[in-house]
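Structure file final.csv (CSV, C-alpha atoms and all ligand atoms) follows.
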chain,number,residue,atom,x,y,z
A,23,MET,CA,-31.3,-8.7,-3.1
A,24,SER,CA,-29.2,-8.3,-6.3
A,25,LEU,CA,-27.0,-11.2,-7.5
A,26,LYS,CA,-23.9,-9.0,-7.2
A,27,PHE,CA,-24.7,-8.2,-3.6
A,28,MET,CA,-25.4,-11.9,-2.8
A,29,LEU,CA,-22.1,-13.0,-4.3
A,30,ALA,CA,-20.2,-10.3,-2.3
A,31,LEU,CA,-22.0,-11.4,0.9
A,32,LEU,CA,-21.2,-15.1,0.2
A,33,ALA,CA,-17.5,-14.2,-0.4
A,34,THR,CA,-17.5,-12.3,2.9
A,35,LEU,CA,-19.0,-15.2,4.7
A,36,ALA,CA,-16.6,-17.7,3.1
A,37,THR,CA,-13.5,-15.7,4.1
A,38,GLY,CA,-14.8,-14.1,7.2
A,39,TYR,CA,-14.0,-10.6,5.9
A,40,ALA,CA,-13.9,-8.6,2.8
A,41,CYS,CA,-10.8,-6.7,1.4
A,42,ALA,CA,-8.3,-9.5,2.3
A,43,ALA,CA,-5.0,-8.8,0.6
A,44,LYS,CA,-4.0,-11.6,-1.8
A,45,LEU,CA,-1.0,-13.8,-1.1
A,46,LEU,CA,1.0,-14.7,-4.2
A,47,PRO,CA,3.3,-17.7,-4.3
A,48,ILE,CA,6.7,-16.8,-5.8
A,49,GLU,CA,8.6,-19.3,-8.0
A,50,VAL,CA,12.1,-19.6,-6.7
A,51,PRO,CA,15.1,-20.3,-9.0
A,52,ALA,CA,18.0,-22.5,-7.8
A,53,LEU,CA,20.7,-20.3,-6.3
A,54,GLU,CA,24.2,-21.6,-6.0
A,55,GLY,CA,26.7,-20.5,-3.5
A,56,ALA,CA,24.4,-18.4,-1.3
A,57,GLY,CA,23.6,-19.0,2.3
A,58,GLY,CA,27.1,-18.9,4.0
A,59,GLU,CA,28.7,-16.3,6.2
A,60,GLN,CA,28.0,-12.6,5.4
A,61,GLU,CA,30.9,-10.2,5.5
A,62,PHE,CA,28.6,-7.4,6.5
A,63,GLY,CA,26.2,-9.3,8.7
A,64,THR,CA,25.4,-8.8,12.4
A,65,ASP,CA,28.2,-9.4,14.9
A,66,ALA,CA,26.6,-11.8,17.4
A,67,GLY,CA,29.5,-11.5,19.7
A,68,HIS,CA,28.9,-7.8,20.5
A,69,PRO,CA,25.2,-7.3,21.2
A,70,TYR,CA,24.1,-3.7,21.8
A,71,GLN,CA,20.7,-2.2,22.5
A,72,PRO,CA,20.6,1.6,22.8
A,73,LYS,CA,18.5,2.9,25.7
A,74,GLU,CA,16.8,5.5,23.5
A,75,ALA,CA,16.2,5.3,19.8
A,76,LEU,CA,15.7,9.0,19.1
A,77,ASN,CA,19.0,10.5,17.7
A,78,SER,CA,20.9,7.4,18.8
A,79,PRO,CA,24.4,7.5,17.4
A,80,ARG,CA,24.4,3.8,17.0
A,81,ALA,CA,21.9,1.2,15.8
A,82,PRO,CA,21.3,-2.0,17.8
A,83,VAL,CA,23.3,-5.1,17.3
A,84,PHE,CA,20.6,-7.6,17.9
A,85,ALA,CA,20.5,-11.3,17.2
A,86,ILE,CA,17.3,-13.0,16.4
A,87,ASP,CA,17.0,-16.5,17.9
A,88,PRO,CA,14.8,-18.4,15.5
A,89,LYS,CA,13.9,-20.8,18.4
A,90,ASP,CA,12.0,-18.0,20.0
A,91,PRO,CA,8.3,-18.4,19.3
A,92,ASP,CA,6.7,-15.9,16.9
A,93,SER,CA,4.5,-14.8,19.8
A,94,LYS,CA,7.6,-13.2,21.5
A,95,PRO,CA,7.5,-9.4,21.1
A,96,LEU,CA,10.3,-7.8,19.3
A,97,PRO,CA,12.0,-5.0,21.3
A,98,TYR,CA,10.4,-1.7,20.5
A,99,TYR,CA,10.8,2.0,21.4
A,100,ARG,CA,8.2,4.7,22.1
A,101,ILE,CA,9.5,7.6,20.0
A,102,ALA,CA,6.4,10.0,20.3
A,103,PRO,CA,3.0,9.8,21.9
A,104,ASP,CA,1.2,6.6,20.6
A,105,THR,CA,4.1,6.1,18.2
A,106,TYR,CA,6.4,3.1,18.4
A,107,PHE,CA,9.5,2.0,16.5
A,108,PHE,CA,11.4,-1.2,15.7
A,109,PHE,CA,15.1,-0.4,15.5
A,110,GLY,CA,16.8,-2.7,13.0
A,111,ASN,CA,20.4,-3.8,12.7
A,112,ILE,CA,22.6,-2.0,10.2
A,113,ALA,CA,23.8,-5.0,8.3
A,114,GLU,CA,23.1,-7.2,5.4
A,115,VAL,CA,20.7,-10.1,6.0
A,116,ASP,CA,22.4,-13.0,7.7
A,117,GLY,CA,21.8,-16.0,10.0
A,118,THR,CA,22.2,-13.7,13.0
A,119,ASN,CA,19.8,-10.8,12.3
A,120,ARG,CA,17.6,-13.1,10.3
A,121,GLY,CA,16.1,-10.2,8.3
A,122,PHE,CA,15.9,-7.7,11.1
A,123,ASN,CA,18.1,-5.3,9.2
A,124,GLY,CA,15.6,-2.5,8.6
A,125,ASN,CA,13.2,-0.4,10.7
A,126,ALA,CA,9.5,-0.5,11.1
A,127,GLY,CA,6.9,1.1,13.4
A,128,PHE,CA,3.3,1.5,14.4
A,129,VAL,CA,0.9,4.1,15.6
A,130,VAL,CA,-1.9,3.5,18.0
A,131,THR,CA,-5.2,5.4,17.7
A,132,ARG,CA,-8.4,5.0,19.6
A,133,ASN,CA,-9.9,3.1,16.7
A,134,GLY,CA,-7.1,0.9,15.7
A,135,VAL,CA,-3.4,0.6,14.7
A,136,LEU,CA,-1.5,1.7,11.6
A,137,VAL,CA,1.7,-0.2,10.9
A,138,VAL,CA,4.6,1.1,8.8
A,139,ASP,CA,6.6,-1.6,7.1
A,140,ALA,CA,6.8,-5.2,8.1
A,141,LEU,CA,10.5,-6.2,8.4
A,142,GLY,CA,12.1,-9.0,6.5
A,143,THR,CA,10.3,-12.3,7.1
A,144,PRO,CA,6.7,-13.4,8.0
A,145,TYR,CA,8.2,-14.6,11.3
A,146,LEU,CA,9.5,-11.1,12.1
A,147,GLY,CA,6.1,-9.7,11.1
A,148,LYS,CA,4.5,-11.9,13.7
A,149,ARG,CA,6.9,-10.8,16.3
A,150,MET,CA,6.1,-7.2,15.5
A,151,LEU,CA,2.4,-8.1,15.9
A,152,ALA,CA,3.2,-9.6,19.3
A,153,ALA,CA,4.9,-6.3,20.3
A,154,ILE,CA,1.8,-4.4,19.1
A,155,ARG,CA,-0.4,-6.7,21.2
A,156,GLU,CA,1.8,-5.8,24.3
A,157,VAL,CA,1.0,-2.1,23.8
A,158,THR,CA,-2.7,-2.3,22.7
A,159,ASP,CA,-5.5,-4.6,22.0
A,160,LYS,CA,-6.9,-2.4,19.3
A,161,PRO,CA,-7.1,-4.0,15.9
A,162,VAL,CA,-4.6,-3.4,13.2
A,163,LYS,CA,-6.3,-1.4,10.4
A,164,TYR,CA,-3.6,-0.5,8.0
A,165,LEU,CA,-0.2,-1.7,6.9
A,166,ILE,CA,1.8,0.8,4.9
A,167,ILE,CA,4.6,-0.8,2.8
A,168,THR,CA,6.9,2.1,2.1
A,169,HIS,CA,8.6,0.1,-0.7
A,170,ALA,CA,8.9,-3.5,-1.8
A,171,HIS,CA,12.5,-4.2,-0.7
A,172,PRO,CA,12.7,-7.4,1.3
A,173,ASP,CA,13.8,-5.8,4.6
A,174,HIS,CA,10.5,-3.7,4.6
A,175,TYR,CA,8.1,-6.0,2.8
A,176,TYR,CA,8.6,-9.7,3.4
A,177,GLY,CA,6.9,-9.7,6.8
A,178,ALA,CA,3.7,-8.3,5.4
A,179,SER,CA,1.8,-11.6,5.3
A,180,ALA,CA,1.7,-11.6,9.1
A,181,PHE,CA,-0.6,-8.6,8.9
A,182,ALA,CA,-2.4,-9.3,5.6
A,183,GLU,CA,-3.7,-12.5,7.1
A,184,LEU,CA,-5.5,-10.5,9.9
A,185,PRO,CA,-9.2,-9.7,9.4
A,186,GLY,CA,-9.9,-6.3,8.1
A,187,VAL,CA,-6.4,-5.1,7.5
A,188,LYS,CA,-5.8,-3.0,4.4
A,189,VAL,CA,-2.4,-3.1,2.9
A,190,ILE,CA,-1.3,0.1,1.1
A,191,SER,CA,1.8,0.4,-1.1
A,192,HIS,CA,3.1,2.1,-4.2
A,193,ALA,CA,1.9,0.8,-7.6
A,194,GLY,CA,5.5,-0.1,-8.3
A,195,THR,CA,5.1,-3.0,-5.8
A,196,MET,CA,3.1,-4.7,-8.5
A,197,ASP,CA,5.9,-4.4,-11.0
A,198,TYR,CA,8.2,-5.9,-8.4
A,199,VAL,CA,5.9,-8.8,-7.5
A,200,HIS,CA,5.7,-9.8,-11.1
A,201,SER,CA,9.4,-9.4,-11.8
A,202,SER,CA,12.2,-11.9,-11.8
A,203,THR,CA,13.9,-9.7,-9.2
A,204,ILE,CA,11.6,-10.9,-6.5
A,205,GLN,CA,12.3,-14.5,-7.5
A,206,GLN,CA,16.0,-13.9,-7.1
A,207,SER,CA,15.5,-12.0,-3.9
A,208,VAL,CA,13.3,-14.7,-2.3
A,209,ALA,CA,15.7,-17.4,-3.4
A,210,TYR,CA,18.6,-15.5,-1.8
A,211,ARG,CA,16.8,-15.0,1.4
A,212,LYS,CA,15.7,-18.6,1.6
A,213,ALA,CA,19.3,-19.6,1.4
A,214,PHE,CA,20.0,-17.8,4.7
A,215,LEU,CA,16.6,-18.3,6.4
A,216,PRO,CA,15.1,-21.5,5.1
A,217,ALA,CA,12.6,-22.0,8.0
A,218,GLU,CA,11.3,-18.4,8.1
A,219,MET,CA,11.0,-18.2,4.3
A,220,LYS,CA,9.7,-21.7,3.7
A,221,ASP,CA,6.1,-20.9,2.7
A,222,PHE,CA,6.8,-17.3,1.7
A,223,LYS,CA,4.1,-15.6,-0.3
A,224,ALA,CA,4.2,-12.0,-1.6
A,225,VAL,CA,1.4,-9.8,-0.3
A,226,VAL,CA,-0.6,-8.1,-3.1
A,227,PRO,CA,-1.7,-4.7,-1.7
A,228,ASP,CA,-5.3,-3.7,-1.4
A,229,ILE,CA,-4.7,0.0,-2.2
A,230,LEU,CA,-2.1,1.4,-4.5
A,231,VAL,CA,-0.7,4.9,-4.7
A,232,SER,CA,0.7,6.3,-8.0
A,233,GLY,CA,0.8,4.5,-11.4
A,234,GLY,CA,-2.5,5.7,-12.6
A,235,HIS,CA,-4.0,5.4,-9.1
A,236,ARG,CA,-4.2,8.3,-6.6
A,237,LYS,CA,-1.0,10.3,-6.0
A,238,GLU,CA,-1.8,10.9,-2.4
A,239,LEU,CA,-4.0,9.2,0.1
A,240,THR,CA,-5.3,10.6,3.4
A,241,LEU,CA,-6.3,8.2,6.1
A,242,ARG,CA,-8.2,9.3,9.1
A,243,LEU,CA,-8.1,6.9,12.0
A,244,GLY,CA,-9.1,7.4,15.6
A,245,GLY,CA,-8.4,11.1,15.7
A,246,LYS,CA,-5.1,11.0,13.8
A,247,ILE,CA,-4.4,11.9,10.2
A,248,PHE,CA,-1.9,10.0,8.0
A,249,ARG,CA,-1.1,11.6,4.6
A,250,ILE,CA,0.6,9.1,2.3
A,251,TYR,CA,2.5,10.5,-0.7
A,252,ASP,CA,3.9,9.1,-3.9
A,253,GLY,CA,7.7,9.4,-3.3
A,254,GLY,CA,8.5,8.5,-6.9
A,255,GLN,CA,11.0,5.7,-7.6
A,256,HIS,CA,14.1,7.2,-6.0
A,257,HIS,CA,15.1,4.0,-4.3
A,258,SER,CA,13.0,1.1,-5.6
A,259,HIS,CA,10.2,0.2,-7.9
A,260,GLY,CA,8.1,2.7,-6.0
A,261,ASP,CA,8.5,4.6,-2.7
A,262,LEU,CA,6.0,6.1,-0.3
A,263,VAL,CA,6.4,8.9,2.3
A,264,MET,CA,4.0,9.3,5.2
A,265,TYR,CA,3.2,12.3,7.3
A,266,GLN,CA,1.5,11.7,10.6
A,267,GLN,CA,-0.5,14.3,12.5
A,268,PRO,CA,-0.7,15.4,15.2
A,269,GLY,CA,3.0,15.3,16.0
A,270,ASN,CA,4.3,16.2,12.5
A,271,ILE,CA,6.1,13.0,12.2
A,272,LEU,CA,7.6,12.2,8.8
A,273,TRP,CA,8.2,8.6,7.8
A,274,VAL,CA,10.7,8.9,5.0
A,275,SER,CA,11.7,5.2,4.5
A,276,ASP,CA,14.9,5.0,2.4
A,277,LEU,CA,14.9,8.6,1.2
A,278,ALA,CA,17.4,9.3,3.9
A,279,PHE,CA,19.7,6.8,5.7
A,280,ASN,CA,21.0,7.5,9.2
A,281,GLY,CA,24.4,6.0,9.9
A,282,ARG,CA,24.6,3.8,6.8
A,283,VAL,CA,25.5,4.1,3.2
A,284,THR,CA,22.5,4.0,0.9
A,285,PHE,CA,22.0,1.5,-1.9
A,286,ILE,CA,20.8,3.3,-5.0
A,287,GLY,CA,20.9,0.6,-7.7
A,288,ASP,CA,17.2,-0.1,-7.8
A,289,GLY,CA,16.0,3.5,-8.1
A,290,HIS,CA,16.4,6.6,-10.1
A,291,LEU,CA,19.5,8.7,-9.5
A,292,ARG,CA,18.0,12.1,-10.3
A,293,GLU,CA,14.9,11.5,-8.2
A,294,ILE,CA,16.9,11.1,-5.0
A,295,THR,CA,17.9,14.8,-4.7
A,296,ALA,CA,14.6,15.9,-6.3
A,297,ARG,CA,12.6,14.1,-3.6
A,298,GLN,CA,15.0,15.3,-0.9
A,299,ASP,CA,14.4,18.9,-2.0
A,300,TRP,CA,10.7,18.2,-1.9
A,301,LEU,CA,10.7,17.2,1.7
A,302,PRO,CA,11.4,20.5,3.5
A,303,LYS,CA,9.1,22.4,1.0
A,304,THR,CA,6.2,20.0,1.6
A,305,PHE,CA,6.8,19.4,5.3
A,306,PRO,CA,8.3,22.5,6.8
A,307,HIS,CA,6.9,21.8,10.3
A,308,ALA,CA,8.2,18.2,10.6
A,309,CYS,CA,9.4,17.6,14.1
A,310,LEU,CA,10.6,14.0,13.8
A,311,MET,CA,11.9,12.0,10.9
A,312,VAL,CA,11.8,8.2,10.9
A,313,PRO,CA,14.1,6.5,8.3
A,314,GLY,CA,14.1,3.0,7.1
A,315,HIS,CA,17.6,2.4,8.5
A,316,GLY,CA,19.2,4.0,11.5
A,317,ALA,CA,17.8,6.2,14.3
A,318,PRO,CA,14.8,8.5,14.1
A,319,GLN,CA,16.0,12.1,14.1
A,320,THR,CA,14.9,15.6,15.1
A,321,PRO,CA,15.4,18.8,13.0
A,322,PRO,CA,17.4,19.9,11.1
A,323,PHE,CA,17.5,16.2,10.0
A,324,PRO,CA,21.3,15.9,9.2
A,325,MET,CA,20.7,12.4,7.7
A,326,VAL,CA,19.0,14.0,4.7
A,327,ALA,CA,22.0,16.2,4.0
A,328,GLN,CA,24.4,13.3,4.6
A,329,THR,CA,22.6,11.0,2.2
A,330,ARG,CA,22.5,13.8,-0.3
A,331,ARG,CA,26.2,14.6,0.0
A,332,TYR,CA,27.0,10.9,-0.6
A,333,VAL,CA,24.9,10.9,-3.8
A,334,GLU,CA,26.3,14.2,-5.0
A,335,GLN,CA,29.9,13.4,-4.3
A,336,LEU,CA,29.6,10.0,-6.1
A,337,THR,CA,27.9,11.6,-9.1
A,338,ALA,CA,30.6,14.3,-9.3
A,339,LYS,CA,33.4,11.6,-9.1
A,340,ILE,CA,31.8,9.5,-11.8
A,341,SER,CA,31.2,12.5,-14.0
A,342,ALA,CA,34.8,13.5,-13.8
A,343,SER,CA,35.8,9.9,-14.7
A,344,LEU,CA,33.5,10.0,-17.7
A,345,ARG,CA,35.0,13.3,-18.8
A,346,ARG,CA,38.4,11.7,-18.7
A,347,GLY,CA,37.1,8.8,-20.8
A,348,GLU,CA,37.6,6.2,-18.2
A,349,SER,CA,36.1,2.7,-18.5
A,350,LEU,CA,33.4,1.5,-16.1
A,351,GLN,CA,36.0,-0.5,-14.2
A,352,ASP,CA,38.4,2.4,-13.9
A,353,ALA,CA,35.7,4.8,-12.8
A,354,VAL,CA,34.5,2.4,-10.1
A,355,ASP,CA,38.1,1.9,-8.9
A,356,HIS,CA,38.5,5.7,-8.6
A,357,ALA,CA,35.2,6.4,-7.0
A,358,ASP,CA,36.2,6.2,-3.3
A,359,LEU,CA,34.7,9.0,-1.1
A,360,PRO,CA,36.9,9.8,1.9
A,361,GLU,CA,34.0,11.3,3.9
A,362,PHE,CA,32.1,8.0,3.7
A,363,VAL,CA,34.7,5.2,3.7
A,364,ASN,CA,34.1,4.5,7.4
A,365,VAL,CA,30.3,4.7,7.3
A,366,PRO,CA,28.7,1.3,7.8
A,367,LEU,CA,27.9,-0.7,4.7
A,368,TYR,CA,30.1,1.5,2.5
A,369,ARG,CA,32.2,-1.5,1.4
A,370,LEU,CA,29.0,-3.5,0.7
A,371,ASN,CA,27.2,-0.9,-1.4
A,372,HIS,CA,29.7,1.7,-2.8
A,373,ARG,CA,31.1,-0.2,-5.8
A,374,ASN,CA,27.6,-1.2,-6.8
A,375,ASN,CA,26.4,2.3,-6.4
A,376,ALA,CA,29.3,3.6,-8.5
A,377,ASN,CA,28.6,1.1,-11.2
A,378,TYR,CA,25.0,2.2,-11.3
A,379,VAL,CA,25.8,5.9,-11.4
A,380,TYR,CA,28.3,5.3,-14.2
A,381,ARG,CA,25.7,3.6,-16.3
A,382,VAL,CA,23.1,6.3,-15.7
A,383,LEU,CA,25.5,9.2,-16.5
A,384,GLU,CA,26.8,7.3,-19.6
A,385,ALA,CA,23.2,6.9,-20.9
A,386,GLU,CA,22.5,10.5,-20.1
A,387,GLN,CA,25.4,11.6,-22.4
A,388,PHE,CA,23.6,9.9,-25.3
A,389,SER,CA,20.0,11.1,-24.5
A,390,PRO,CA,18.8,14.3,-26.0
B,1,ZN,ZN,15.7,-0.4,3.3
As structure tokens, what does this structure read like?
Amino acid sequence: MSLKFMLALLATLATGYACAAKLLPIEVPALEGAGGEQEFGTDAGHPYQPKEALNSPRAPVFAIDPKDPDSKPLPYYRIAPDTYFFFGNIAEVDGTNRGFNGNAGFVVTRNGVLVVDALGTPYLGKRMLAAIREVTDKPVKYLIITHAHPDHYYGASAFAELPGVKVISHAGTMDYVHSSTIQQSVAYRKAFLPAEMKDFKAVVPDILVSGGHRKELTLRLGGKIFRIYDGGQHHSHGDLVMYQQPGNILWVSDLAFNGRVTFIGDGHLREITARQDWLPKTFPHACLMVPGHGAPQTPPFPMVAQTRRYVEQLTAKISASLRRGESLQDAVDHADLPEFVNVPLYRLNHRNNANYVYRVLEAEQFSP
């Protein structure tokens, strides 16, 4: 027996399994003034749970009671054979939704479960796991983190701690994990959710896509095929898109928003439309699209066109302001888009988006 093999065996015996994702403590700076009421949080006084998720015109208004044990299943929807969906609030994180302000899902196969995204806290990740356990006793084999924004990523430790789970994410997740942005983000979240975020550790993925690693990854599990694609950096430090067969189900994460205004300040403006063009060319037979926010949708996927129109209209507005020589402040003040003013989270995100687009277009003027 070689020394290398013996060491690997010892490591396996010590941890109980190989390939465990690493958990990284995050240093948290002191944040002043965070943790109060949120203007765009969840309205606890008007709870709402749609009967069907698919093409639902409204997202749930769903309060999380932190007194509930983490073994209590989160509500979930079956959206296709073997395919389940957690339908998050359309809101910013607050003490009512407690980080359940994005979507996630899972797919059951005869050999195990594949999970897409992990919601916003380890506690919510555990409640996702309880829901999975209600559906199947098959082991969780994969967790796909579509991108490392808190509402999709901070619940990942609930899965990474399970034996034999492989966590897959974009290589940009590693940039995020080692940035000061994650420190600010965790500090902010801790201000609202001190109990759920108390011992938070970031999950370091086992398998990376892009950034010198593979550009595509095909997983075959229990008779199903999951093709995972590098979605570039259109929305974050790095985004993945997943195509599930059979069923032709496209998990697009935050490349399209359904019933909510996007936040584009962490991504790359020009990549949004480029990646949206890439979708129908690459997946002409998609039957179902699952976004990171809002209801899953059937063709022709109007949420893609809507997200795109928002980005294009904002870009056109800011371009016009720059041509008139307006300052950043004036351009942002003049950037309102009548089509979108009543779309949820417009007032939360639009000025930040306008600010970002101004800076991008201004920089482009000076680049060759
Ligand atoms: Zn998101």
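Distances to ligand ZN 1 (chain B) were evaluated for A:Phe279, A:Tyr176, A:Phe181, A:Trp300 using all atoms listed in the file, and the minimum falls at A:Phe279.
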Per residue of chain A within 10 Å of ligand ZN 1 (chain B), what are the shortest atom pair and its distance in Å to one decimal, counting all atoms listed in the file, with rows by chain and residue number, as a tab-separated table?
residue	atom	partner	partner_atom	distance
A:Ile112	CA	B:ZN1	ZN	9.9
A:Asn123	CA	B:ZN1	ZN	8.0
A:Gly124	CA	B:ZN1	ZN	5.7
A:Asn125	CA	B:ZN1	ZN	7.8
A:Ala126	CA	B:ZN1	ZN	10.0
A:Asp139	CA	B:ZN1	ZN	9.9
A:Leu141	CA	B:ZN1	ZN	9.3
A:Gly142	CA	B:ZN1	ZN	9.9
A:Thr168	CA	B:ZN1	ZN	9.2
A:His169	CA	B:ZN1	ZN	8.2
A:Ala170	CA	B:ZN1	ZN	9.0
A:His171	CA	B:ZN1	ZN	6.4
A:Pro172	CA	B:ZN1	ZN	7.9
A:Asp173	CA	B:ZN1	ZN	5.9
A:His174	CA	B:ZN1	ZN	6.3
A:Tyr175	CA	B:ZN1	ZN	9.5
A:His257	CA	B:ZN1	ZN	8.8
A:Ser258	CA	B:ZN1	ZN	9.4
A:Ser275	CA	B:ZN1	ZN	7.0
A:Asp276	CA	B:ZN1	ZN	5.5
A:Leu277	CA	B:ZN1	ZN	9.3
A:Ala278	CA	B:ZN1	ZN	9.9
A:Phe279	CA	B:ZN1	ZN	8.6
A:Thr284	CA	B:ZN1	ZN	8.4
A:Phe285	CA	B:ZN1	ZN	8.4
A:Pro313	CA	B:ZN1	ZN	8.7
A:Gly314	CA	B:ZN1	ZN	5.3
A:His315	CA	B:ZN1	ZN	6.2
A:Gly316	CA	B:ZN1	ZN	9.9
Got time to write the residues from that selection, C-alpha atoms, as a short mmCIF file (atom, residue, chain, number, x, y, z; two decimals), keeping the file's coordinate frame?
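New file selection-v4.cif:
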data_model
loop_
_atom_site.label_atom_id
_atom_site.label_comp_id
_atom_site.auth_asym_id
_atom_site.auth_seq_id
_atom_site.Cartn_x
_atom_site.Cartn_y
_atom_site.Cartn_z
CA ILE A 112 22.60 -2.00 10.20
CA ASN A 123 18.10 -5.30 9.20
CA GLY A 124 15.60 -2.50 8.60
CA ASN A 125 13.20 -0.40 10.70
CA ALA A 126 9.50 -0.50 11.10
CA ASP A 139 6.60 -1.60 7.10
CA LEU A 141 10.50 -6.20 8.40
CA GLY A 142 12.10 -9.00 6.50
CA THR A 168 6.90 2.10 2.10
CA HIS A 169 8.60 0.10 -0.70
CA ALA A 170 8.90 -3.50 -1.80
CA HIS A 171 12.50 -4.20 -0.70
CA PRO A 172 12.70 -7.40 1.30
CA ASP A 173 13.80 -5.80 4.60
CA HIS A 174 10.50 -3.70 4.60
CA TYR A 175 8.10 -6.00 2.80
CA HIS A 257 15.10 4.00 -4.30
CA SER A 258 13.00 1.10 -5.60
CA SER A 275 11.70 5.20 4.50
CA ASP A 276 14.90 5.00 2.40
CA LEU A 277 14.90 8.60 1.20
CA ALA A 278 17.40 9.30 3.90
CA PHE A 279 19.70 6.80 5.70
CA THR A 284 22.50 4.00 0.90
CA PHE A 285 22.00 1.50 -1.90
CA PRO A 313 14.10 6.50 8.30
CA GLY A 314 14.10 3.00 7.10
CA HIS A 315 17.60 2.40 8.50
CA GLY A 316 19.20 4.00 11.50
#
Notebook entry, point to check: Could you tell me, as a PyMOL selection string, which residues have any atom at most 12 Å from (6.3, 12.0, 3.8), counting only C-alpha atoms?
Noted result: chain A and resi 168+238-240+248-254+261-267+270-278+297-298+300-308+310-313
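The residue that comes closest to Ala357 in chain A, out of A:Lys223, A:Leu336, A:Ala178, A:Asn371 and on the basis of all atoms listed in the file, is A:Leu336.
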Next item on the list: Would you work out the distance separating CA of Lys148 in chain A from CA of His192 in chain A, expressed in Å to one decimal?
Entry: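 Those two atoms sit 22.8 Å apart.
As for CA of Ile86 in chain A and CA of Phe122 in chain A, they are spaced 7.6 Å apart.
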Note to self: Under the rule that all atoms listed in the file are counted, which of A:Glu74, A:Val83, A:Ile101, A:Glu218 is the nearest residue to Gly147 in chain A?
What the structure shows: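 So, comparing all the options, the nearest one is A:Glu218.
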Next item on the list: Return the single residue from A:Ala317, A:Val130, A:Val162, A:Val326 that is closest to Asn77 in chain A, with distances computed using all atoms listed in the file.
Entry: A:Ala317
Check: Interatomic distance between CA of Thr131 in chain A and CA of Met196 in chain A?
Finding: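 CA of Thr131 in chain A sits 29.3 Å away from CA of Met196 in chain A.
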Residue neighbourhood Val199 in chain A, 12 Å, all atoms listed in the file, exclusion window fewer than 4 positions, as a compact mmCIF listing (two decimals) with C-alpha atoms, in the coordinates of the input:
# COMPACT_ATOMS: atom_id res chain seq x y z
CA LYS A 44 -4.00 -11.60 -1.80
CA LEU A 45 -1.00 -13.80 -1.10
CA LEU A 46 1.00 -14.70 -4.20
CA PRO A 47 3.30 -17.70 -4.30
CA ILE A 48 6.70 -16.80 -5.80
CA GLU A 49 8.60 -19.30 -8.00
CA HIS A 169 8.60 0.10 -0.70
CA ALA A 170 8.90 -3.50 -1.80
CA HIS A 171 12.50 -4.20 -0.70
CA PRO A 172 12.70 -7.40 1.30
CA TYR A 175 8.10 -6.00 2.80
CA TYR A 176 8.60 -9.70 3.40
CA SER A 191 1.80 0.40 -1.10
CA HIS A 192 3.10 2.10 -4.20
CA ALA A 193 1.90 0.80 -7.60
CA GLY A 194 5.50 -0.10 -8.30
CA THR A 195 5.10 -3.00 -5.80
CA THR A 203 13.90 -9.70 -9.20
CA ILE A 204 11.60 -10.90 -6.50
CA GLN A 205 12.30 -14.50 -7.50
CA GLN A 206 16.00 -13.90 -7.10
CA SER A 207 15.50 -12.00 -3.90
CA VAL A 208 13.30 -14.70 -2.30
CA LYS A 223 4.10 -15.60 -0.30
CA ALA A 224 4.20 -12.00 -1.60
CA VAL A 225 1.40 -9.80 -0.30
CA VAL A 226 -0.60 -8.10 -3.10
CA PRO A 227 -1.70 -4.70 -1.70
CA HIS A 259 10.20 0.20 -7.90
CA GLY A 260 8.10 2.70 -6.00
Next item on the list: Within 6 Å of Val137 in chain A, counting all atoms listed in the file, which residues show up once you throw out same-chain ones fewer than 3 positions away? Write them as a ChimeraX atom specification, please.
Entry: /A:127-128,165
Notebook entry, point to check: For Ile166 in chain A, which of A:Glu183, A:Asp228, A:Glu61, A:Asp221 is the closest residue, counting only C-alpha atoms?
Noted result: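 Going through A:Glu183, A:Asp228, A:Glu61, A:Asp221 one by one, the smallest distance to Ile166 in chain A is for A:Asp228.
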Notebook entry, point to check: Counting only C-alpha atoms, which of A:Lys89, A:Arg282, A:Lys188, A:His372 gets nearest to Ala113 in chain A?
Noted result: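 The answer is A:Arg282, which sits nearest to Ala113 in chain A.
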Item checked: Residue neighbourhood Ala209 in chain A, 10 Å, all atoms listed in the file, exclusion window fewer than 5 positions, as a list in words -> Ile48, Glu49, Val50, Pro51, Ala52, Leu53, Glu54, Ala56, Gly57, Thr203, Ile204, Phe214, Leu215, Pro216 and Met219 of chain A
